Amino acid sequence: MVVAVTDESGSGTLLLAATPLGDARDASPRLAEALATAEVVAAEDTRRIRALATALEVVPRGRVLSYYDAVEAAREPALLEALRGGDTVLLVTDAGMPSVSDPGYRLVAACAAEGLHVTCLPGPSAVTTALALSGLPSDRFCFEGFPPRKQGPRRRWLAELVTERRTCVFFEAPHRLVATLNDAVEVLGAERDAAVCRELTKTYEQVRRGSLAELAEWASSGVRGEITVVLAGAERAGPTDPAELVEQVERRAASGVRLKDAVAEVAELTGVRKKELYEAVLTARG
């Protein structure tokens, strides 16, 4: 079923607005105008959005209410009602674009289902900023959000990236960065190139580039701030002798991937026949 976007008199607009990653001067004039004029401002952190408004020398005239993960579902009916009644609802998160690993997706989906108008004020994004700064190929990339917190699921998540040829961007909490990088070394290989981007656009911005092993060693002394990781894609070429690929298969299997799936992944990546590679693994295991 296709739902058309309505433009009927009396209907409001959900306005998704990107906010600065750290430097208030990155805010667009349109964001300042929207903060001053929207009937409702739904903010992930009301204190931060009021501080941003002060920095931009604007005073929100509408209601400012909290809209974070734990209250998304509870806030949705009232926000939809405001939109049906003709209000402009400005949706902002702490930094970057709403709905990109931040609150917003559910409300956009609900508006789309009803045919309510949704538009966007483009602006800062940690995903594309980190990608541009990483020095890694940017013609094709994917975004993976946050890795799982526990090691087992995280290693299985990393195993899915073993054959991913696109550059991958993901977020990570600073206190879990070392564990994630160490798991990446084990699952993806120590030599895979990556970049860790810290505190983008802020006073202590830092971009550290190198192999996963080098980055894991660097991070072991402790890293603070907002973290975005950019991971190089898998190389298409590889050794053609199945016996030389056994270690790659076993590394994937150790991360929780079924042996047959691990063989299939490595075979696809390197171009060897699955049957020959599977036989080589069994031979190596004795």
# chains A, B, ... in the order shown; residues from 1 in each chain; ligands from 1
call {"tool": "select_by_dssp", "arguments": {"residues": "region 100-257 of chain A", "states": "alpha helix (DSSP H)", "output": "mmCIF file with N, CA, C and O atoms, in the first residue's frame"}}
result
data_model
loop_
_atom_site.group_PDB
_atom_site.id
_atom_site.type_symbol
_atom_site.label_atom_id
_atom_site.label_comp_id
_atom_site.auth_asym_id
_atom_site.auth_seq_id
_atom_site.Cartn_x
_atom_site.Cartn_y
_atom_site.Cartn_z
ATOM 1 N N TYR A 105 13.156 7.764 14.442
ATOM 2 C CA TYR A 105 12.700 6.827 13.415
ATOM 3 C C TYR A 105 11.231 6.451 13.595
ATOM 4 O O TYR A 105 10.455 6.450 12.632
ATOM 5 N N ARG A 106 10.838 6.145 14.817
ATOM 6 C CA ARG A 106 9.464 5.684 15.053
ATOM 7 C C ARG A 106 8.440 6.765 14.708
ATOM 8 O O ARG A 106 7.378 6.480 14.136
ATOM 9 N N LEU A 107 8.746 7.999 15.063
ATOM 10 C CA LEU A 107 7.816 9.086 14.778
ATOM 11 C C LEU A 107 7.724 9.343 13.282
ATOM 12 O O LEU A 107 6.635 9.592 12.750
ATOM 13 N N VAL A 108 8.844 9.278 12.583
ATOM 14 C CA VAL A 108 8.829 9.448 11.126
ATOM 15 C C VAL A 108 7.982 8.347 10.486
ATOM 16 O O VAL A 108 7.173 8.603 9.587
ATOM 17 N N ALA A 109 8.160 7.108 10.950
ATOM 18 C CA ALA A 109 7.399 5.985 10.406
ATOM 19 C C ALA A 109 5.903 6.181 10.646
ATOM 20 O O ALA A 109 5.077 5.898 9.765
ATOM 21 N N ALA A 110 5.549 6.671 11.843
ATOM 22 C CA ALA A 110 4.138 6.905 12.158
ATOM 23 C C ALA A 110 3.559 8.000 11.271
ATOM 24 O O ALA A 110 2.423 7.894 10.801
ATOM 25 N N CYS A 111 4.332 9.055 11.034
ATOM 26 C CA CYS A 111 3.867 10.130 10.145
ATOM 27 C C CYS A 111 3.709 9.622 8.714
ATOM 28 O O CYS A 111 2.740 9.958 8.025
ATOM 29 N N ALA A 112 4.662 8.811 8.271
ATOM 30 C CA ALA A 112 4.583 8.267 6.921
ATOM 31 C C ALA A 112 3.337 7.400 6.758
ATOM 32 O O ALA A 112 2.673 7.429 5.715
ATOM 33 N N ALA A 113 3.012 6.638 7.799
ATOM 34 C CA ALA A 113 1.843 5.765 7.742
ATOM 35 C C ALA A 113 0.549 6.561 7.621
ATOM 36 O O ALA A 113 -0.423 6.102 7.003
ATOM 37 N N GLU A 114 0.530 7.758 8.199
ATOM 38 C CA GLU A 114 -0.670 8.594 8.150
ATOM 39 C C GLU A 114 -0.666 9.592 6.996
ATOM 40 O O GLU A 114 -1.647 10.300 6.758
ATOM 41 N N ALA A 126 27.875 12.946 12.288
ATOM 42 C CA ALA A 126 29.128 12.307 12.686
ATOM 43 C C ALA A 126 29.529 11.220 11.697
ATOM 44 O O ALA A 126 30.717 10.957 11.496
ATOM 45 N N VAL A 127 28.534 10.586 11.068
ATOM 46 C CA VAL A 127 28.820 9.496 10.129
ATOM 47 C C VAL A 127 29.627 9.998 8.947
ATOM 48 O O VAL A 127 30.715 9.491 8.648
ATOM 49 N N THR A 128 29.118 10.986 8.247
ATOM 50 C CA THR A 128 29.803 11.476 7.053
ATOM 51 C C THR A 128 31.039 12.304 7.393
ATOM 52 O O THR A 128 32.004 12.326 6.627
ATOM 53 N N THR A 129 31.033 12.980 8.550
ATOM 54 C CA THR A 129 32.216 13.740 8.954
ATOM 55 C C THR A 129 33.387 12.800 9.207
ATOM 56 O O THR A 129 34.510 13.028 8.733
ATOM 57 N N ALA A 130 33.137 11.720 9.944
ATOM 58 C CA ALA A 130 34.199 10.742 10.213
ATOM 59 C C ALA A 130 34.658 10.059 8.936
ATOM 60 O O ALA A 130 35.858 9.842 8.729
ATOM 61 N N LEU A 131 33.713 9.716 8.071
ATOM 62 C CA LEU A 131 34.073 9.071 6.810
ATOM 63 C C LEU A 131 35.001 9.959 5.990
ATOM 64 O O LEU A 131 36.011 9.498 5.449
ATOM 65 N N ALA A 132 34.686 11.249 5.917
ATOM 66 C CA ALA A 132 35.511 12.177 5.142
ATOM 67 C C ALA A 132 36.904 12.321 5.733
ATOM 68 O O ALA A 132 37.889 12.469 5.000
ATOM 69 N N LEU A 133 37.015 12.280 7.063
ATOM 70 C CA LEU A 133 38.293 12.480 7.727
ATOM 71 C C LEU A 133 39.147 11.219 7.799
ATOM 72 O O LEU A 133 40.348 11.293 8.053
ATOM 73 N N SER A 134 38.536 10.066 7.586
ATOM 74 C CA SER A 134 39.230 8.797 7.827
ATOM 75 C C SER A 134 40.366 8.523 6.855
ATOM 76 O O SER A 134 41.315 7.809 7.181
ATOM 77 N N GLN A 151 30.363 -9.533 24.466
ATOM 78 C CA GLN A 151 31.389 -9.998 23.548
ATOM 79 C C GLN A 151 30.873 -11.000 22.522
ATOM 80 O O GLN A 151 31.190 -10.890 21.331
ATOM 81 N N GLY A 152 30.082 -11.987 22.946
ATOM 82 C CA GLY A 152 29.606 -12.994 22.007
ATOM 83 C C GLY A 152 28.833 -12.398 20.849
ATOM 84 O O GLY A 152 29.197 -12.596 19.674
ATOM 85 N N PRO A 153 27.764 -11.637 21.116
ATOM 86 C CA PRO A 153 27.026 -10.992 20.024
ATOM 87 C C PRO A 153 27.883 -10.016 19.227
ATOM 88 O O PRO A 153 27.720 -9.883 18.017
ATOM 89 N N ARG A 154 28.812 -9.346 19.927
ATOM 90 C CA ARG A 154 29.666 -8.385 19.217
ATOM 91 C C ARG A 154 30.570 -9.098 18.221
ATOM 92 O O ARG A 154 30.772 -8.629 17.095
ATOM 93 N N ARG A 155 31.114 -10.236 18.607
ATOM 94 C CA ARG A 155 31.970 -10.979 17.686
ATOM 95 C C ARG A 155 31.172 -11.520 16.505
ATOM 96 O O ARG A 155 31.673 -11.551 15.369
ATOM 97 N N ARG A 156 29.948 -11.940 16.743
ATOM 98 C CA ARG A 156 29.103 -12.390 15.632
ATOM 99 C C ARG A 156 28.765 -11.225 14.715
ATOM 100 O O ARG A 156 28.702 -11.379 13.490
ATOM 101 N N TRP A 157 28.564 -10.048 15.307
ATOM 102 C CA TRP A 157 28.310 -8.832 14.520
ATOM 103 C C TRP A 157 29.525 -8.502 13.653
ATOM 104 O O TRP A 157 29.389 -8.177 12.465
ATOM 105 N N LEU A 158 30.704 -8.601 14.235
ATOM 106 C CA LEU A 158 31.927 -8.340 13.471
ATOM 107 C C LEU A 158 32.124 -9.372 12.364
ATOM 108 O O LEU A 158 32.602 -9.048 11.276
ATOM 109 N N ALA A 159 31.746 -10.614 12.644
ATOM 110 C CA ALA A 159 31.906 -11.661 11.638
ATOM 111 C C ALA A 159 31.102 -11.359 10.387
ATOM 112 O O ALA A 159 31.486 -11.756 9.280
ATOM 113 N N LEU A 177 35.434 0.820 23.747
ATOM 114 C CA LEU A 177 36.223 0.897 22.517
ATOM 115 C C LEU A 177 37.339 -0.136 22.482
ATOM 116 O O LEU A 177 37.538 -0.810 21.471
ATOM 117 N N VAL A 178 38.084 -0.281 23.559
ATOM 118 C CA VAL A 178 39.215 -1.219 23.581
ATOM 119 C C VAL A 178 38.731 -2.644 23.329
ATOM 120 O O VAL A 178 39.315 -3.382 22.520
ATOM 121 N N ALA A 179 37.668 -3.045 24.007
ATOM 122 C CA ALA A 179 37.142 -4.397 23.834
ATOM 123 C C ALA A 179 36.693 -4.629 22.396
ATOM 124 O O ALA A 179 36.954 -5.690 21.809
ATOM 125 N N THR A 180 36.037 -3.632 21.811
ATOM 126 C CA THR A 180 35.569 -3.775 20.435
ATOM 127 C C THR A 180 36.739 -3.872 19.456
ATOM 128 O O THR A 180 36.731 -4.701 18.538
ATOM 129 N N LEU A 181 37.752 -3.043 19.649
ATOM 130 C CA LEU A 181 38.911 -3.094 18.756
ATOM 131 C C LEU A 181 39.669 -4.409 18.909
ATOM 132 O O LEU A 181 40.133 -4.987 17.915
ATOM 133 N N ASN A 182 39.789 -4.901 20.127
ATOM 134 C CA ASN A 182 40.462 -6.191 20.334
ATOM 135 C C ASN A 182 39.682 -7.326 19.678
ATOM 136 O O ASN A 182 40.272 -8.228 19.064
ATOM 137 N N ASP A 183 38.356 -7.291 19.795
ATOM 138 C CA ASP A 183 37.546 -8.304 19.111
ATOM 139 C C ASP A 183 37.686 -8.180 17.599
ATOM 140 O O ASP A 183 37.731 -9.182 16.885
ATOM 141 N N ALA A 184 37.759 -6.948 17.107
ATOM 142 C CA ALA A 184 37.911 -6.736 15.664
ATOM 143 C C ALA A 184 39.230 -7.301 15.162
ATOM 144 O O ALA A 184 39.298 -7.860 14.059
ATOM 145 N N VAL A 185 40.279 -7.176 15.969
ATOM 146 C CA VAL A 185 41.573 -7.761 15.606
ATOM 147 C C VAL A 185 41.435 -9.269 15.438
ATOM 148 O O VAL A 185 41.944 -9.862 14.477
ATOM 149 N N GLU A 186 40.738 -9.912 16.377
ATOM 150 C CA GLU A 186 40.587 -11.359 16.344
ATOM 151 C C GLU A 186 39.708 -11.820 15.179
ATOM 152 O O GLU A 186 39.994 -12.833 14.537
ATOM 153 N N VAL A 187 38.641 -11.097 14.905
ATOM 154 C CA VAL A 187 37.672 -11.536 13.911
ATOM 155 C C VAL A 187 38.031 -11.072 12.505
ATOM 156 O O VAL A 187 37.895 -11.823 11.532
ATOM 157 N N LEU A 188 38.499 -9.833 12.379
ATOM 158 C CA LEU A 188 38.747 -9.244 11.065
ATOM 159 C C LEU A 188 40.210 -9.275 10.641
ATOM 160 O O LEU A 188 40.523 -9.064 9.474
ATOM 161 N N LEU A 212 44.003 -2.156 12.749
ATOM 162 C CA LEU A 212 43.213 -2.462 13.944
ATOM 163 C C LEU A 212 44.117 -2.777 15.131
ATOM 164 O O LEU A 212 43.826 -2.377 16.265
ATOM 165 N N ALA A 213 45.212 -3.481 14.889
ATOM 166 C CA ALA A 213 46.131 -3.805 15.976
ATOM 167 C C ALA A 213 46.750 -2.535 16.562
ATOM 168 O O ALA A 213 46.859 -2.392 17.792
ATOM 169 N N GLU A 214 47.149 -1.614 15.708
ATOM 170 C CA GLU A 214 47.741 -0.358 16.183
ATOM 171 C C GLU A 214 46.731 0.473 16.959
ATOM 172 O O GLU A 214 47.049 1.062 17.999
ATOM 173 N N LEU A 215 45.504 0.495 16.480
ATOM 174 C CA LEU A 215 44.472 1.286 17.150
ATOM 175 C C LEU A 215 44.082 0.662 18.487
ATOM 176 O O LEU A 215 43.826 1.379 19.454
ATOM 177 N N ALA A 216 44.046 -0.662 18.545
ATOM 178 C CA ALA A 216 43.724 -1.331 19.809
ATOM 179 C C ALA A 216 44.796 -1.039 20.859
ATOM 180 O O ALA A 216 44.489 -0.793 22.036
ATOM 181 N N GLU A 217 46.053 -1.049 20.440
ATOM 182 C CA GLU A 217 47.143 -0.743 21.376
ATOM 183 C C GLU A 217 47.059 0.711 21.835
ATOM 184 O O GLU A 217 47.236 1.010 23.022
ATOM 185 N N TRP A 218 46.789 1.621 20.915
ATOM 186 C CA TRP A 218 46.657 3.037 21.273
ATOM 187 C C TRP A 218 45.516 3.259 22.256
ATOM 188 O O TRP A 218 45.653 3.992 23.246
ATOM 189 N N ALA A 219 44.383 2.604 22.026
ATOM 190 C CA ALA A 219 43.204 2.821 22.869
ATOM 191 C C ALA A 219 43.327 2.175 24.240
ATOM 192 O O ALA A 219 42.567 2.507 25.153
ATOM 193 N N VAL A 246 42.704 -21.669 5.650
ATOM 194 C CA VAL A 246 42.136 -22.368 6.803
ATOM 195 C C VAL A 246 42.080 -21.460 8.027
ATOM 196 O O VAL A 246 41.086 -21.440 8.764
ATOM 197 N N GLU A 247 43.123 -20.686 8.263
ATOM 198 C CA GLU A 247 43.154 -19.810 9.434
ATOM 199 C C GLU A 247 42.019 -18.786 9.393
ATOM 200 O O GLU A 247 41.406 -18.487 10.430
ATOM 201 N N GLN A 248 41.729 -18.253 8.210
ATOM 202 C CA GLN A 248 40.630 -17.300 8.090
ATOM 203 C C GLN A 248 39.290 -17.951 8.442
ATOM 204 O O GLN A 248 38.448 -17.352 9.121
ATOM 205 N N VAL A 249 39.104 -19.170 7.974
ATOM 206 C CA VAL A 249 37.870 -19.895 8.287
ATOM 207 C C VAL A 249 37.762 -20.136 9.784
ATOM 208 O O VAL A 249 36.707 -19.908 10.398
ATOM 209 N N GLU A 250 38.837 -20.606 10.381
ATOM 210 C CA GLU A 250 38.817 -20.928 11.810
ATOM 211 C C GLU A 250 38.586 -19.675 12.659
ATOM 212 O O GLU A 250 37.941 -19.741 13.705
ATOM 213 N N ARG A 251 39.104 -18.547 12.219
ATOM 214 C CA ARG A 251 38.895 -17.303 12.950
ATOM 215 C C ARG A 251 37.409 -16.926 12.952
ATOM 216 O O ARG A 251 36.863 -16.503 13.972
ATOM 217 N N ARG A 252 36.761 -17.099 11.834
ATOM 218 C CA ARG A 252 35.328 -16.817 11.768
ATOM 219 C C ARG A 252 34.533 -17.814 12.615
ATOM 220 O O ARG A 252 33.597 -17.440 13.326
ATOM 221 N N ALA A 253 34.925 -19.086 12.534
ATOM 222 C CA ALA A 253 34.238 -20.111 13.314
ATOM 223 C C ALA A 253 34.380 -19.857 14.811
ATOM 224 O O ALA A 253 33.437 -20.050 15.584
ATOM 225 N N ALA A 254 35.536 -19.371 15.215
ATOM 226 C CA ALA A 254 35.765 -19.080 16.636
ATOM 227 C C ALA A 254 34.901 -17.935 17.127
ATOM 228 O O ALA A 254 34.611 -17.825 18.326
#
call {"tool": "residues_around", "arguments": {"residues": "Thr167 (chain A)", "least_positions_apart": "5", "cutoff": "6 Å", "atoms": "only C-alpha atoms", "output": "list of chain:residue names"}}
result
A:Phe141, A:Leu231, A:Ala232, A:Gly233
call {"tool": "closest_residue", "arguments": {"among": "A:Glu57, A:Asp26, A:Glu199, A:Asp94", "to": "Ala42 (chain A)", "atoms": "only C-alpha atoms"}}
result
A:Asp94
call {"tool": "closest_atom_pairs", "arguments": {"of": "region 151-212 of chain A", "to": "region 260-267 of chain A", "cutoff": "10 Å", "atoms": "only C-alpha atoms", "output": "JSON lines"}}
result
{"residue": "A:Ala159", "atom": "CA", "partner": "A:Ala262", "partner_atom": "CA", "distance": 8.9}
{"residue": "A:Glu160", "atom": "CA", "partner": "A:Glu265", "partner_atom": "CA", "distance": 9.1}
{"residue": "A:Val162", "atom": "CA", "partner": "A:Glu265", "partner_atom": "CA", "distance": 7.8}
{"residue": "A:Thr163", "atom": "CA", "partner": "A:Glu265", "partner_atom": "CA", "distance": 6.6}
{"residue": "A:Glu164", "atom": "CA", "partner": "A:Glu265", "partner_atom": "CA", "distance": 9.9}
call {"tool": "write_last_selection", "arguments": {"atoms": "N, CA, C and O atoms", "output": "short mmCIF file (atom, residue, chain, number, x, y, z; two decimals), in the first residue's frame"}}
result
data_model
loop_
_atom_site.label_atom_id
_atom_site.label_comp_id
_atom_site.auth_asym_id
_atom_site.auth_seq_id
_atom_site.Cartn_x
_atom_site.Cartn_y
_atom_site.Cartn_z
N ALA A 159 31.75 -10.61 12.64
CA ALA A 159 31.91 -11.66 11.64
C ALA A 159 31.10 -11.36 10.39
O ALA A 159 31.49 -11.76 9.28
N GLU A 160 29.99 -10.65 10.54
CA GLU A 160 29.19 -10.27 9.37
C GLU A 160 29.90 -9.25 8.49
O GLU A 160 29.52 -9.06 7.33
N VAL A 162 33.18 -9.44 7.85
CA VAL A 162 34.40 -10.04 7.32
C VAL A 162 34.49 -9.89 5.81
O VAL A 162 35.55 -9.57 5.27
N THR A 163 33.39 -10.10 5.12
CA THR A 163 33.41 -10.02 3.66
C THR A 163 32.78 -8.74 3.13
O THR A 163 32.59 -8.60 1.92
N GLU A 164 32.45 -7.80 4.01
CA GLU A 164 31.86 -6.52 3.59
C GLU A 164 32.93 -5.66 2.90
O GLU A 164 33.90 -5.26 3.52
#
call {"tool": "residues_around", "arguments": {"residues": "Leu21 (chain A)", "least_positions_apart": "5", "cutoff": "7 Å", "atoms": "only C-alpha atoms", "output": "ChimeraX atom specification"}}
result
/A:95-96,124,200-201
call {"tool": "select_by_dssp", "arguments": {"residues": "region 69-186 of chain A", "states": "strand (DSSP E)", "output": "list in words"}}
result
Thr88, Val89, Leu90, Leu91, Val92, His117, Val118, Thr119, Cys120, Leu121, Phe141, Cys142, Phe143, Thr167, Cys168, Val169, Phe170, Phe171 and Glu172 of chain A
call {"tool": "closest_atom_pairs", "arguments": {"of": "region 117-202 of chain A", "to": "region 27-32 of chain A", "cutoff": "12 Å", "atoms": "only C-alpha atoms", "output": "Markdown table"}}
result
| residue | atom | partner | partner_atom | distance |
| --- | --- | --- | --- | --- |
| A:Cys120 | CA | A:Leu31 | CA | 10.2 |
| A:Leu121 | CA | A:Leu31 | CA | 7.0 |
| A:Pro122 | CA | A:Ser28 | CA | 8.6 |
| A:Gly123 | CA | A:Ser28 | CA | 7.2 |
| A:Pro124 | CA | A:Ala27 | CA | 8.1 |
| A:Ser125 | CA | A:Ala27 | CA | 11.7 |
call {"tool": "write_last_selection", "arguments": {"atoms": "N, CA, C and O atoms", "output": "CSV table (one decimal), in the first residue's frame"}}
result
chain,number,residue,atom,x,y,z
A,120,CYS,N,13.2,17.9,6.3
A,120,CYS,CA,14.4,17.8,7.1
A,120,CYS,C,15.3,19.1,6.8
A,120,CYS,O,15.3,19.6,5.7
A,121,LEU,N,15.9,19.5,7.9
A,121,LEU,CA,16.9,20.6,7.8
A,121,LEU,C,18.3,19.9,7.9
A,121,LEU,O,18.7,19.4,8.9
A,122,PRO,N,18.9,19.8,6.7
A,122,PRO,CA,20.2,19.1,6.7
A,122,PRO,C,21.3,19.8,7.5
A,122,PRO,O,21.2,21.0,7.8
A,123,GLY,N,22.3,19.0,7.9
A,123,GLY,CA,23.4,19.6,8.7
A,123,GLY,C,24.4,18.6,9.1
A,123,GLY,O,24.6,17.6,8.5
A,124,PRO,N,25.0,18.9,10.3
A,124,PRO,CA,26.1,18.0,10.7
A,124,PRO,C,25.7,16.6,10.9
A,124,PRO,O,24.6,16.3,11.3
A,125,SER,N,26.6,15.7,10.6
A,125,SER,CA,26.5,14.2,10.8
A,125,SER,C,27.8,13.6,11.2
A,125,SER,O,28.8,13.8,10.4
call {"tool": "closest_residue", "arguments": {"among": "A:Leu83, A:Arg165, A:Thr283, A:Tyr67", "to": "Asp139 (chain A)", "atoms": "only C-alpha atoms"}}
result
A:Arg165
call {"tool": "atom_distance", "arguments": {"atom1": "CA of Gly210 (chain A)", "atom2": "CA of Gly135 (chain A)"}}
result
10.2 Å
call {"tool": "atom_distance", "arguments": {"atom1": "CA of Gly104 (chain A)", "atom2": "CA of Glu39 (chain A)"}}
result
17.6 Å
